[in-house]
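**Q** Next comes the structure file query_23.cif, holding mmCIF, C-alpha atoms and all ligand atoms.
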```cif
data_model
#
loop_
_atom_site.group_PDB
_atom_site.id
_atom_site.type_symbol
_atom_site.label_atom_id
_atom_site.label_comp_id
_atom_site.auth_asym_id
_atom_site.auth_seq_id
_atom_site.Cartn_x
_atom_site.Cartn_y
_atom_site.Cartn_z
ATOM 1 C CA MET Y 6 -87.417 26.791 -42.510
ATOM 2 C CA PRO Y 7 -85.284 23.664 -41.700
ATOM 3 C CA ALA Y 8 -87.119 20.377 -42.304
ATOM 4 C CA PHE Y 9 -85.456 18.845 -39.252
ATOM 5 C CA ASP Y 10 -85.192 19.854 -35.652
ATOM 6 C CA GLU Y 11 -82.096 21.442 -34.078
ATOM 7 C CA LEU Y 12 -78.699 21.011 -35.796
ATOM 8 C CA ARG Y 13 -76.135 19.046 -33.755
ATOM 9 C CA VAL Y 14 -72.519 18.235 -34.691
ATOM 10 C CA PHE Y 15 -70.639 15.373 -33.021
ATOM 11 C CA SER Y 16 -67.094 14.106 -33.483
ATOM 12 C CA GLY Y 17 -65.575 10.640 -33.384
ATOM 13 C CA ASN Y 18 -61.951 10.258 -32.332
ATOM 14 C CA ALA Y 19 -60.441 10.860 -35.792
ATOM 15 C CA HIS Y 20 -60.200 14.667 -35.845
ATOM 16 C CA PRO Y 21 -61.981 16.484 -32.971
ATOM 17 C CA ALA Y 22 -60.072 19.719 -33.734
ATOM 18 C CA LEU Y 23 -61.704 19.925 -37.171
ATOM 19 C CA ALA Y 24 -65.159 19.231 -35.701
ATOM 20 C CA GLN Y 25 -64.564 21.938 -33.086
ATOM 21 C CA THR Y 26 -63.632 24.508 -35.766
ATOM 22 C CA ILE Y 27 -66.737 23.542 -37.766
ATOM 23 C CA CYS Y 28 -68.845 24.178 -34.632
ATOM 24 C CA GLU Y 29 -67.151 27.573 -34.184
ATOM 25 C CA TYR Y 30 -68.067 28.449 -37.775
ATOM 26 C CA LEU Y 31 -71.675 27.403 -37.082
ATOM 27 C CA ASP Y 32 -71.613 29.169 -33.712
ATOM 28 C CA ILE Y 33 -72.938 26.124 -31.862
ATOM 29 C CA PRO Y 34 -71.388 24.083 -29.050
ATOM 30 C CA MET Y 35 -69.962 20.710 -30.050
ATOM 31 C CA GLY Y 36 -72.330 17.830 -29.297
ATOM 32 C CA GLN Y 37 -71.493 15.593 -26.340
ATOM 33 C CA VAL Y 38 -70.701 11.963 -27.134
ATOM 34 C CA GLU Y 39 -68.324 9.388 -25.711
ATOM 35 C CA VAL Y 40 -66.509 7.050 -28.090
ATOM 36 C CA PHE Y 41 -64.008 4.670 -26.528
ATOM 37 C CA LYS Y 42 -62.721 1.119 -26.472
ATOM 38 C CA PHE Y 43 -63.139 -1.397 -23.687
ATOM 39 C CA SER Y 44 -60.076 -3.408 -22.694
ATOM 40 C CA ASN Y 45 -61.333 -6.196 -24.981
ATOM 41 C CA ASP Y 46 -60.868 -3.842 -28.002
ATOM 42 C CA ASN Y 47 -64.639 -3.429 -28.528
ATOM 43 C CA THR Y 48 -65.681 0.139 -29.408
ATOM 44 C CA PHE Y 49 -68.476 1.754 -27.387
ATOM 45 C CA VAL Y 50 -70.467 4.899 -28.174
ATOM 46 C CA ARG Y 51 -72.964 6.844 -26.082
ATOM 47 C CA PHE Y 52 -74.552 10.165 -26.980
ATOM 48 C CA GLN Y 53 -74.552 12.215 -23.804
ATOM 49 C CA GLU Y 54 -77.415 14.449 -24.875
ATOM 50 C CA ASN Y 55 -80.844 14.006 -26.438
ATOM 51 C CA VAL Y 56 -80.691 13.522 -30.239
ATOM 52 C CA ARG Y 57 -84.371 12.615 -30.751
ATOM 53 C CA GLN Y 58 -85.593 14.269 -33.993
ATOM 54 C CA ARG Y 59 -82.333 16.272 -34.192
ATOM 55 C CA ASP Y 60 -80.471 16.910 -37.466
ATOM 56 C CA VAL Y 61 -77.300 15.019 -36.535
ATOM 57 C CA PHE Y 62 -73.930 15.493 -38.287
ATOM 58 C CA LEU Y 63 -71.163 13.027 -37.351
ATOM 59 C CA VAL Y 64 -67.679 14.277 -38.287
ATOM 60 C CA GLN Y 65 -65.169 11.498 -38.865
ATOM 61 C CA PRO Y 66 -62.475 11.524 -41.574
ATOM 62 C CA PHE Y 67 -61.041 8.067 -42.173
ATOM 63 C CA ALA Y 68 -57.626 8.825 -40.664
ATOM 64 C CA ALA Y 69 -55.242 6.152 -39.358
ATOM 65 C CA PRO Y 70 -56.033 3.737 -37.760
ATOM 66 C CA VAL Y 71 -58.479 3.683 -40.659
ATOM 67 C CA ASN Y 72 -60.453 0.541 -39.812
ATOM 68 C CA ASP Y 73 -61.021 1.678 -36.212
ATOM 69 C CA ARG Y 74 -62.212 5.082 -37.402
ATOM 70 C CA ILE Y 75 -64.649 3.514 -39.869
ATOM 71 C CA MET Y 76 -65.996 1.200 -37.171
ATOM 72 C CA GLU Y 77 -66.392 4.141 -34.756
ATOM 73 C CA LEU Y 78 -68.457 6.012 -37.327
ATOM 74 C CA LEU Y 79 -70.642 2.980 -38.071
ATOM 75 C CA ILE Y 80 -71.343 2.505 -34.371
ATOM 76 C CA MET Y 81 -72.070 6.233 -33.939
ATOM 77 C CA VAL Y 82 -74.574 6.068 -36.803
ATOM 78 C CA ASP Y 83 -76.192 3.005 -35.231
ATOM 79 C CA ALA Y 84 -76.397 4.680 -31.815
ATOM 80 C CA ALA Y 85 -77.912 7.860 -33.314
ATOM 81 C CA ARG Y 86 -80.452 5.827 -35.297
ATOM 82 C CA ARG Y 87 -81.506 3.860 -32.200
ATOM 83 C CA ALA Y 88 -81.767 7.141 -30.264
ATOM 84 C CA SER Y 89 -84.360 8.347 -32.828
ATOM 85 C CA ALA Y 90 -82.248 11.043 -34.521
ATOM 86 C CA GLY Y 91 -84.331 12.799 -37.182
ATOM 87 C CA ARG Y 92 -81.636 12.658 -39.844
ATOM 88 C CA ILE Y 93 -78.042 11.424 -39.749
ATOM 89 C CA THR Y 94 -75.338 12.849 -42.025
ATOM 90 C CA ALA Y 95 -71.940 11.139 -42.047
ATOM 91 C CA VAL Y 96 -69.395 13.930 -42.554
ATOM 92 C CA ILE Y 97 -66.339 12.165 -43.982
ATOM 93 C CA PRO Y 98 -63.805 14.825 -45.051
ATOM 94 C CA TYR Y 99 -61.407 12.068 -46.201
ATOM 95 C CA TYR Y 100 -62.864 8.829 -47.580
ATOM 96 C CA ALA Y 101 -60.149 6.169 -47.249
ATOM 97 C CA TYR Y 102 -60.299 3.069 -49.478
ATOM 98 C CA GLY Y 103 -61.252 5.418 -52.330
ATOM 99 C CA ARG Y 104 -58.451 3.956 -54.432
ATOM 100 C CA THR Y 105 -59.984 0.465 -54.123
ATOM 101 C CA ASP Y 106 -62.880 1.431 -56.356
ATOM 102 C CA LYS Y 107 -62.752 -1.152 -59.143
ATOM 103 C CA LYS Y 108 -61.714 -4.711 -59.964
ATOM 104 C CA ASP Y 109 -58.508 -3.898 -61.806
ATOM 105 C CA GLN Y 110 -56.985 -7.311 -61.052
ATOM 106 C CA PRO Y 111 -58.616 -10.730 -60.681
ATOM 107 C CA ARG Y 112 -59.987 -11.678 -57.241
ATOM 108 C CA VAL Y 113 -59.729 -8.242 -55.584
ATOM 109 C CA PRO Y 114 -62.436 -6.403 -53.568
ATOM 110 C CA ILE Y 115 -64.157 -3.069 -54.224
ATOM 111 C CA THR Y 116 -63.722 -1.817 -50.688
ATOM 112 C CA ALA Y 117 -64.915 1.730 -51.435
ATOM 113 C CA ARG Y 118 -68.302 0.170 -52.296
ATOM 114 C CA LEU Y 119 -68.267 -2.131 -49.257
ATOM 115 C CA VAL Y 120 -67.739 0.832 -46.896
ATOM 116 C CA ALA Y 121 -70.570 2.714 -48.634
ATOM 117 C CA ASP Y 122 -72.881 -0.277 -48.090
ATOM 118 C CA LEU Y 123 -71.862 -0.499 -44.425
ATOM 119 C CA LEU Y 124 -72.665 3.178 -43.835
ATOM 120 C CA THR Y 125 -76.065 2.860 -45.469
ATOM 121 C CA THR Y 126 -76.857 -0.347 -43.588
ATOM 122 C CA ALA Y 127 -75.879 1.306 -40.300
ATOM 123 C CA GLY Y 128 -78.501 3.988 -40.991
ATOM 124 C CA ALA Y 129 -76.770 7.051 -42.459
ATOM 125 C CA ASP Y 130 -79.230 9.236 -44.386
ATOM 126 C CA ARG Y 131 -76.675 11.393 -46.196
ATOM 127 C CA VAL Y 132 -72.933 11.748 -46.720
ATOM 128 C CA LEU Y 133 -70.922 14.955 -46.860
ATOM 129 C CA THR Y 134 -67.380 14.450 -48.125
ATOM 130 C CA MET Y 135 -64.512 16.179 -49.950
ATOM 131 C CA ASP Y 136 -62.503 15.430 -53.065
ATOM 132 C CA LEU Y 137 -63.198 11.720 -53.454
ATOM 133 C CA HIS Y 138 -60.451 9.844 -55.268
ATOM 134 C CA ALA Y 139 -62.949 9.396 -58.109
ATOM 135 C CA GLY Y 140 -66.270 11.248 -58.344
ATOM 136 C CA GLN Y 141 -67.990 8.005 -59.387
ATOM 137 C CA ILE Y 142 -67.691 6.761 -55.787
ATOM 138 C CA GLN Y 143 -70.745 8.963 -55.126
ATOM 139 C CA GLY Y 144 -72.679 6.334 -57.080
ATOM 140 C CA PHE Y 145 -71.663 3.597 -54.619
ATOM 141 C CA PHE Y 146 -74.183 5.153 -52.207
ATOM 142 C CA ASN Y 147 -77.944 4.902 -52.567
ATOM 143 C CA ILE Y 148 -78.313 7.949 -50.307
ATOM 144 C CA PRO Y 149 -77.523 11.574 -51.230
ATOM 145 C CA VAL Y 150 -73.816 12.474 -51.301
ATOM 146 C CA ASP Y 151 -72.544 16.056 -51.266
ATOM 147 C CA GLU Y 152 -68.930 16.202 -52.427
ATOM 148 C CA LEU Y 153 -67.077 19.452 -51.748
ATOM 149 C CA THR Y 154 -63.718 20.420 -53.175
ATOM 150 C CA ALA Y 155 -60.723 22.137 -51.598
ATOM 151 C CA LEU Y 156 -59.396 23.124 -55.022
ATOM 152 C CA PRO Y 157 -60.559 26.783 -54.864
ATOM 153 C CA LEU Y 158 -58.974 27.099 -51.403
ATOM 154 C CA LEU Y 159 -55.632 25.678 -52.607
ATOM 155 C CA SER Y 160 -55.781 27.761 -55.812
ATOM 156 C CA ARG Y 161 -56.419 31.026 -53.938
ATOM 157 C CA TYR Y 162 -53.384 30.410 -51.708
ATOM 158 C CA LEU Y 163 -51.106 29.577 -54.659
ATOM 159 C CA LYS Y 164 -52.394 32.423 -56.836
ATOM 160 C CA ALA Y 165 -51.633 34.926 -54.066
ATOM 161 C CA LYS Y 166 -47.967 33.798 -54.172
ATOM 162 C CA GLU Y 167 -47.650 35.149 -57.746
ATOM 163 C CA LEU Y 168 -45.164 32.435 -58.695
ATOM 164 C CA PRO Y 169 -43.142 33.208 -61.853
ATOM 165 C CA ASP Y 170 -44.132 31.318 -65.052
ATOM 166 C CA PRO Y 171 -46.298 28.719 -63.342
ATOM 167 C CA VAL Y 172 -47.255 25.424 -64.964
ATOM 168 C CA VAL Y 173 -49.804 23.198 -63.245
ATOM 169 C CA VAL Y 174 -48.777 19.537 -63.294
ATOM 170 C CA ALA Y 175 -51.147 16.581 -62.881
ATOM 171 C CA VAL Y 176 -49.087 13.889 -61.133
ATOM 172 C CA ASP Y 177 -50.955 11.202 -63.064
ATOM 173 C CA ILE Y 178 -53.681 10.884 -65.678
ATOM 174 C CA GLY Y 179 -56.309 10.553 -62.904
ATOM 175 C CA ALA Y 180 -55.394 13.986 -61.528
ATOM 176 C CA THR Y 181 -55.793 15.687 -64.924
ATOM 177 C CA LYS Y 182 -59.261 17.145 -64.353
ATOM 178 C CA ARG Y 183 -58.329 18.641 -60.983
ATOM 179 C CA ALA Y 184 -55.102 20.031 -62.476
ATOM 180 C CA ARG Y 185 -56.949 21.487 -65.470
ATOM 181 C CA ASP Y 186 -59.389 23.242 -63.115
ATOM 182 C CA MET Y 187 -56.520 24.662 -61.075
ATOM 183 C CA ALA Y 188 -54.657 25.737 -64.235
ATOM 184 C CA ALA Y 189 -57.774 27.640 -65.296
ATOM 185 C CA LYS Y 190 -58.013 29.332 -61.891
ATOM 186 C CA LEU Y 191 -54.328 30.329 -62.020
ATOM 187 C CA GLY Y 192 -54.343 31.214 -65.723
ATOM 188 C CA ALA Y 193 -51.429 28.794 -66.184
ATOM 189 C CA PRO Y 194 -50.702 26.035 -68.744
ATOM 190 C CA LEU Y 195 -51.114 22.341 -67.912
ATOM 191 C CA ALA Y 196 -48.650 19.432 -67.980
ATOM 192 C CA ILE Y 197 -49.416 15.774 -67.226
ATOM 193 C CA MET Y 198 -47.157 13.094 -65.751
ATOM 194 C CA GLU Y 199 -47.477 9.560 -67.025
ATOM 195 C CA LYS Y 200 -47.200 7.422 -63.895
ATOM 196 C CA ARG Y 201 -47.203 3.664 -63.476
ATOM 197 C CA ARG Y 202 -47.885 1.876 -60.209
ATOM 198 C CA VAL Y 203 -45.526 -1.089 -59.772
ATOM 199 C CA GLY Y 204 -47.416 -4.130 -58.406
ATOM 200 C CA ASN Y 205 -49.466 -3.729 -55.212
ATOM 201 C CA ALA Y 206 -46.606 -2.204 -53.242
ATOM 202 C CA ASP Y 207 -46.623 1.566 -52.708
ATOM 203 C CA ARG Y 208 -44.124 2.074 -55.554
ATOM 204 C CA THR Y 209 -44.621 4.273 -58.601
ATOM 205 C CA GLU Y 210 -42.583 5.118 -61.674
ATOM 206 C CA THR Y 211 -42.906 8.354 -63.621
ATOM 207 C CA LEU Y 212 -42.401 7.519 -67.245
ATOM 208 C CA ASN Y 213 -43.009 10.676 -69.192
ATOM 209 C CA VAL Y 214 -43.992 14.338 -68.944
ATOM 210 C CA ILE Y 215 -46.592 15.609 -71.412
ATOM 211 C CA GLY Y 216 -46.355 19.389 -71.826
ATOM 212 C CA GLU Y 217 -43.784 22.189 -71.658
ATOM 213 C CA VAL Y 218 -42.168 22.674 -68.222
ATOM 214 C CA GLN Y 219 -38.609 23.909 -68.967
ATOM 215 C CA GLY Y 220 -37.647 26.976 -66.872
ATOM 216 C CA ARG Y 221 -41.082 27.190 -65.203
ATOM 217 C CA THR Y 222 -42.385 26.955 -61.639
ATOM 218 C CA ALA Y 223 -44.269 23.674 -61.397
ATOM 219 C CA ILE Y 224 -47.328 23.319 -59.157
ATOM 220 C CA THR Y 225 -48.198 19.654 -58.787
ATOM 221 C CA VAL Y 226 -51.828 18.691 -58.087
ATOM 222 C CA ASP Y 227 -53.225 15.465 -56.663
ATOM 223 C CA ASP Y 228 -56.225 14.430 -54.580
ATOM 224 C CA GLU Y 229 -54.007 12.884 -51.899
ATOM 225 C CA ILE Y 230 -50.385 12.352 -51.026
ATOM 226 C CA ASP Y 231 -49.906 9.083 -49.199
ATOM 227 C CA THR Y 232 -46.335 7.713 -49.092
ATOM 228 C CA GLY Y 233 -45.126 10.666 -51.170
ATOM 229 C CA GLY Y 234 -43.742 8.257 -53.803
ATOM 230 C CA SER Y 235 -45.708 9.808 -56.678
ATOM 231 C CA LEU Y 236 -44.706 13.325 -55.663
ATOM 232 C CA LEU Y 237 -41.019 12.528 -55.210
ATOM 233 C CA SER Y 238 -40.745 10.729 -58.564
ATOM 234 C CA THR Y 239 -42.624 13.636 -60.170
ATOM 235 C CA ILE Y 240 -40.114 16.114 -58.714
ATOM 236 C CA VAL Y 241 -37.192 14.100 -60.132
ATOM 237 C CA ALA Y 242 -38.811 13.902 -63.578
ATOM 238 C CA LEU Y 243 -39.618 17.636 -63.574
ATOM 239 C CA GLU Y 244 -36.110 18.605 -62.491
ATOM 240 C CA GLU Y 245 -34.630 16.412 -65.233
ATOM 241 C CA ARG Y 246 -36.693 18.481 -67.666
ATOM 242 C CA GLY Y 247 -35.386 21.816 -66.388
ATOM 243 C CA VAL Y 248 -38.129 22.954 -64.032
ATOM 244 C CA GLN Y 249 -37.058 25.925 -61.905
ATOM 245 C CA ASP Y 250 -38.955 25.225 -58.654
ATOM 246 C CA VAL Y 251 -41.641 22.793 -57.544
ATOM 247 C CA TYR Y 252 -44.632 23.571 -55.299
ATOM 248 C CA ALA Y 253 -46.987 20.727 -54.460
ATOM 249 C CA CYS Y 254 -50.614 20.703 -53.367
ATOM 250 C CA CYS Y 255 -53.312 18.188 -52.609
ATOM 251 C CA THR Y 256 -56.516 18.045 -50.562
ATOM 252 C CA HIS Y 257 -55.673 15.076 -48.347
ATOM 253 C CA GLY Y 258 -52.256 14.879 -46.703
ATOM 254 C CA VAL Y 259 -52.331 11.206 -45.725
ATOM 255 C CA LEU Y 260 -48.552 11.343 -45.355
ATOM 256 C CA SER Y 261 -48.086 7.759 -44.178
ATOM 257 C CA GLY Y 262 -44.829 5.993 -43.370
ATOM 258 C CA GLY Y 263 -42.588 9.032 -42.839
ATOM 259 C CA ALA Y 264 -43.752 10.835 -45.994
ATOM 260 C CA ALA Y 265 -43.780 14.274 -44.297
ATOM 261 C CA GLY Y 266 -40.094 13.948 -43.358
ATOM 262 C CA ARG Y 267 -39.121 12.745 -46.843
ATOM 263 C CA ILE Y 268 -41.002 15.610 -48.481
ATOM 264 C CA GLN Y 269 -39.472 18.085 -46.016
ATOM 265 C CA GLY Y 270 -36.031 16.780 -47.081
ATOM 266 C CA SER Y 271 -36.809 17.055 -50.802
ATOM 267 C CA SER Y 272 -36.318 20.075 -53.049
ATOM 268 C CA VAL Y 273 -40.047 20.928 -53.038
ATOM 269 C CA LYS Y 274 -40.529 24.547 -51.923
ATOM 270 C CA GLU Y 275 -43.879 24.040 -50.201
ATOM 271 C CA LEU Y 276 -46.464 21.313 -49.838
ATOM 272 C CA VAL Y 277 -49.916 22.885 -49.500
ATOM 273 C CA ILE Y 278 -52.579 20.584 -48.062
ATOM 274 C CA SER Y 279 -55.874 20.920 -46.201
ATOM 275 C CA ASP Y 280 -56.844 19.777 -42.723
ATOM 276 C CA THR Y 281 -59.235 17.021 -43.801
ATOM 277 C CA LEU Y 282 -56.839 14.840 -41.783
ATOM 278 C CA PRO Y 283 -54.992 15.671 -38.557
ATOM 279 C CA HIS Y 284 -51.353 16.636 -39.113
ATOM 280 C CA ALA Y 285 -48.078 16.573 -37.271
ATOM 281 C CA ASP Y 286 -46.695 19.698 -35.658
ATOM 282 C CA GLY Y 287 -46.022 22.323 -38.351
ATOM 283 C CA SER Y 288 -42.780 23.385 -36.673
ATOM 284 C CA LEU Y 289 -41.335 19.963 -37.559
ATOM 285 C CA TYR Y 290 -42.187 20.435 -41.208
ATOM 286 C CA PRO Y 291 -41.994 24.139 -42.119
ATOM 287 C CA LYS Y 292 -42.580 23.327 -45.800
ATOM 288 C CA LEU Y 293 -46.022 21.975 -44.917
ATOM 289 C CA ILE Y 294 -48.773 24.612 -45.295
ATOM 290 C CA VAL Y 295 -52.134 23.475 -43.915
ATOM 291 C CA LEU Y 296 -55.291 25.338 -44.992
ATOM 292 C CA SER Y 297 -58.522 24.730 -43.108
ATOM 293 C CA VAL Y 298 -61.603 23.301 -44.793
ATOM 294 C CA ALA Y 299 -63.686 23.862 -41.640
ATOM 295 C CA PRO Y 300 -65.457 26.966 -43.066
ATOM 296 C CA LEU Y 301 -66.345 25.006 -46.226
ATOM 297 C CA LEU Y 302 -67.710 22.059 -44.249
ATOM 298 C CA GLY Y 303 -69.462 24.396 -41.799
ATOM 299 C CA GLU Y 304 -71.146 26.310 -44.613
ATOM 300 C CA ALA Y 305 -72.215 23.056 -46.320
ATOM 301 C CA ILE Y 306 -73.694 21.771 -43.039
ATOM 302 C CA HIS Y 307 -75.565 25.067 -42.588
ATOM 303 C CA ARG Y 308 -76.948 24.771 -46.126
ATOM 304 C CA ILE Y 309 -77.912 21.096 -45.820
ATOM 305 C CA HIS Y 310 -79.693 21.834 -42.547
ATOM 306 C CA ASN Y 311 -81.583 24.776 -44.041
ATOM 307 C CA GLY Y 312 -82.370 23.137 -47.393
ATOM 308 C CA LEU Y 313 -80.167 25.557 -49.359
ATOM 309 C CA SER Y 314 -78.026 24.759 -52.400
ATOM 310 C CA VAL Y 315 -74.579 23.349 -51.662
ATOM 311 C CA GLY Y 316 -73.544 23.615 -55.316
ATOM 312 C CA ALA Y 317 -74.056 27.388 -55.135
ATOM 313 C CA MET Y 318 -71.017 27.560 -52.817
ATOM 314 C CA PHE Y 319 -68.786 26.830 -55.817
ATOM 315 C CA GLU Y 320 -70.474 28.986 -58.435
HETATM 316 C C1 LIG X 401 -53.504 7.871 -56.893
HETATM 317 O O1 LIG X 401 -53.975 7.661 -57.981
HETATM 318 C C2 LIG X 401 -53.685 9.132 -56.133
HETATM 319 O O2 LIG X 401 -54.245 10.144 -56.906
HETATM 320 C C3 LIG X 401 -52.370 9.617 -55.573
HETATM 321 O O3 LIG X 401 -51.498 9.890 -56.653
HETATM 322 C C4 LIG X 401 -51.755 8.588 -54.684
HETATM 323 O O4 LIG X 401 -52.653 8.237 -53.657
HETATM 324 C C5 LIG X 401 -50.481 9.101 -54.064
HETATM 325 O O5 LIG X 401 -49.912 8.052 -53.363
HETATM 326 P P1 LIG X 401 -48.365 8.098 -52.971
HETATM 327 O O6 LIG X 401 -48.133 9.401 -52.278
HETATM 328 O O7 LIG X 401 -48.202 6.911 -52.045
HETATM 329 O O8 LIG X 401 -47.584 7.948 -54.234
#
```
Let's see the structure in the file written out as structure tokens.

**A**
Amino acid sequence: MPAFDELRVFSGNAHPALAQTICEYLDIPMGQVEVFKFSNDNTFVRFQENVRQRDVFLVQPFAAPVNDRIMELLIMVDAARRASAGRITAVIPYYAYGRTDKKDQPRVPITARLVADLLTTAGADRVLTMDLHAGQIQGFFNIPVDELTALPLLSRYLKAKELPDPVVVAVDIGATKRARDMAAKLGAPLAIMEKRRVGNADRTETLNVIGEVQGRTAITVDDEIDTGGSLLSTIVALEERGVQDVYACCTHGVLSGGAAGRIQGSSVKELVISDTLPHADGSLYPKLIVLSVAPLLGEAIHRIHNGLSVGAMFE
């Protein structure tokens, strides 16, 4: 028996197509809300249906323009709270600013924490998200956080390809755990790239490859691909060490600044991502394979609403 009244799912402007597919999975109509900007650049939100005592889920990945999307979500939470929603869950399939999660230089912010505080202050009761840059970001919230992973989805797709002599490659030390999990799912060995970020610009250097990759099919794993710099330098380093082919995968295809075109032009065979973020037309980038996380998010929403285990989805 659900503890809260009727389940309602609403979308901000970041990724309505994903919210719609989640609603199809749940077999409910998408909630009616208007979210727009006045000519003075101020964002306005109005729920166009009653949300009093409802179990409200607000779907909004932090896609570009990131700051606008965050602000939209905060205002949606505020509007739902003031309209007496029973419970408000911020569904954030991609949590931007996740990389700004520590003071690793003097006089820098911890923006991932700031955004968590803003969401809580606005009135969110829970967060549902996917593959945070670091799991510890869950602890930035003083409200419950359910973190799903797209790893099984990506692994199933790659396993079905039956690639010859696969080796799973973590593109940096931080991606090692994800890569190890995927290697276990594929029954493949693991290799790790030693990557260095150069200054605060989006530039990386791959220094070393730990593990045996010669003559194998490499499958690179990361939480996100942003400019594509890490992936492209990884491909060069792997090819220098005699890798046969490279397939790449990640949960979040941020693909900023022309990354999709650069990856399309590279020697990578396929880049497998999920739809936590909206993506450009697949016909432009045939190497880009997009798998939907809508059933995962839909199932998690169903379970949260009905007080069932979310963890059991991954057992
Ligand atoms: C960083 O630690 C992340 O796991 C990714 O490796 C990074 O976000 C990728 O960024 P880019 O594609 O710009 O190299």

**Q** At a cut-off of 8 Å from (-69.9, 9.3, -27.6) in the coordinates of the file, what residues are picked up using all atoms listed in the file, written as number ranges by chain?

**A** Y: 17, 37-41, 49-53, 81

**Q** Written as JSON, numbers by chain, what is the full residue list that the PyMOL selection byres (((chain Y and resi 251-253) around 9) and not hetatm) yields on the file shown?

**A** {"Y": [163, 221, 222, 223, 224, 225, 226, 227, 236, 240, 243, 244, 248, 249, 250, 254, 255, 272, 273, 274, 275, 276, 277, 278]}

**Q** Per residue of chain Y within 6 Å of ligand LIG 401 (chain X), which atom pair is closest and at what distance in Å (one decimal), using only C-alpha atoms and all ligand atoms, listed by chain and increasing number, as a tab-separated table?

**A**
```
residue	atom	partner	partner_atom	distance
Y:Asp207	CA	X:LIG401	O7	5.6
Y:Asp227	CA	X:LIG401	O2	5.4
Y:Asp228	CA	X:LIG401	O2	5.3
Y:Glu229	CA	X:LIG401	O4	5.1
Y:Ile230	CA	X:LIG401	O6	3.9
Y:Asp231	CA	X:LIG401	O6	3.6
Y:Thr232	CA	X:LIG401	O7	3.6
Y:Gly233	CA	X:LIG401	O6	3.4
Y:Gly234	CA	X:LIG401	O8	3.9
Y:Ser235	CA	X:LIG401	O8	3.6
```

**Q** Interatomic distance between CA of Pro111 in chain Y and CA of Arg201 in chain Y?

**A**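 So the two atoms, CA of Pro111 in chain Y and CA of Arg201 in chain Y, lie 18.6 Å apart.
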
**Q** Go through Y:Pro7, Y:Ala19, Y:Leu296, Y:Ala95 one by one, measure the shortest atom-to-atom distance of each to Pro157 in chain Y using all atoms listed in the file, and give the residue with the smallest value.

**A**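 For Pro157 in chain Y, the nearest of the given residues is Y:Leu296.
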
**Q** Using only C-alpha atoms, what residues lie at most 6 Å away from (-74.7, 15.4, -41.0) (file coordinates), given as a list of chain:residue names?

**A**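 Neighbouring residues, ordered by chain and number, come to Y:Val61, Y:Phe62, Y:Leu63, Y:Ile93, Y:Thr94, Y:Ala95, Y:Val96.
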
**Q** Give me a file of those residues, with C-alpha atoms, as a PDB file, keeping the file's coordinate frame.

**A**
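That gives us again.pdb:
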```pdb
ATOM      1  CA  VAL Y  61     -77.300  15.019 -36.535  1.00  0.00           C
ATOM      2  CA  PHE Y  62     -73.930  15.493 -38.287  1.00  0.00           C
ATOM      3  CA  LEU Y  63     -71.163  13.027 -37.351  1.00  0.00           C
ATOM      4  CA  ILE Y  93     -78.042  11.424 -39.749  1.00  0.00           C
ATOM      5  CA  THR Y  94     -75.338  12.849 -42.025  1.00  0.00           C
ATOM      6  CA  ALA Y  95     -71.940  11.139 -42.047  1.00  0.00           C
ATOM      7  CA  VAL Y  96     -69.395  13.930 -42.554  1.00  0.00           C
TER       8      VAL Y  96
END
```

**Q** Using the chain letters and numbers from the file, which residues does the PyMOL selection byres (((chain Y and resi 128) around 9) and not hetatm) grab, as a list in words?

**A**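 Taken on the displayed file, the PyMOL selection byres (((chain Y and resi 128) around 9) and not hetatm) yields the residues Leu79, Val82, Asp83, Ala85, Arg86, Ile93, Leu123, Leu124, Thr125, Thr126, Ala127, Ala129 and Asp130 of chain Y.
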
**Q** Looking at Y:Ile148, Y:Ala69, Y:Leu133, Y:Ala180, which one is nearest to Ile306 in chain Y, with distances taken over all atoms listed in the file?

**A**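 Checking each candidate against Ile306 in chain Y, we get Y:Leu133 as the closest.
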
**Q** Given the file above and the PyMOL selection byres (((chain Y and resi 190) around 9) and not hetatm), which residues are selected, and can you give them as a ChimeraX atom specification?

**A** /Y:157,160-161,164,185-189,191-193

**Q** What lies within 9 Å of Glu304 in chain Y using all atoms listed in the file, ignoring chain neighbours under 2 positions off, as JSON, numbers by chain?

**A** {"Y": [27, 30, 31, 299, 300, 301, 302, 306, 307, 308, 309, 315, 318]}
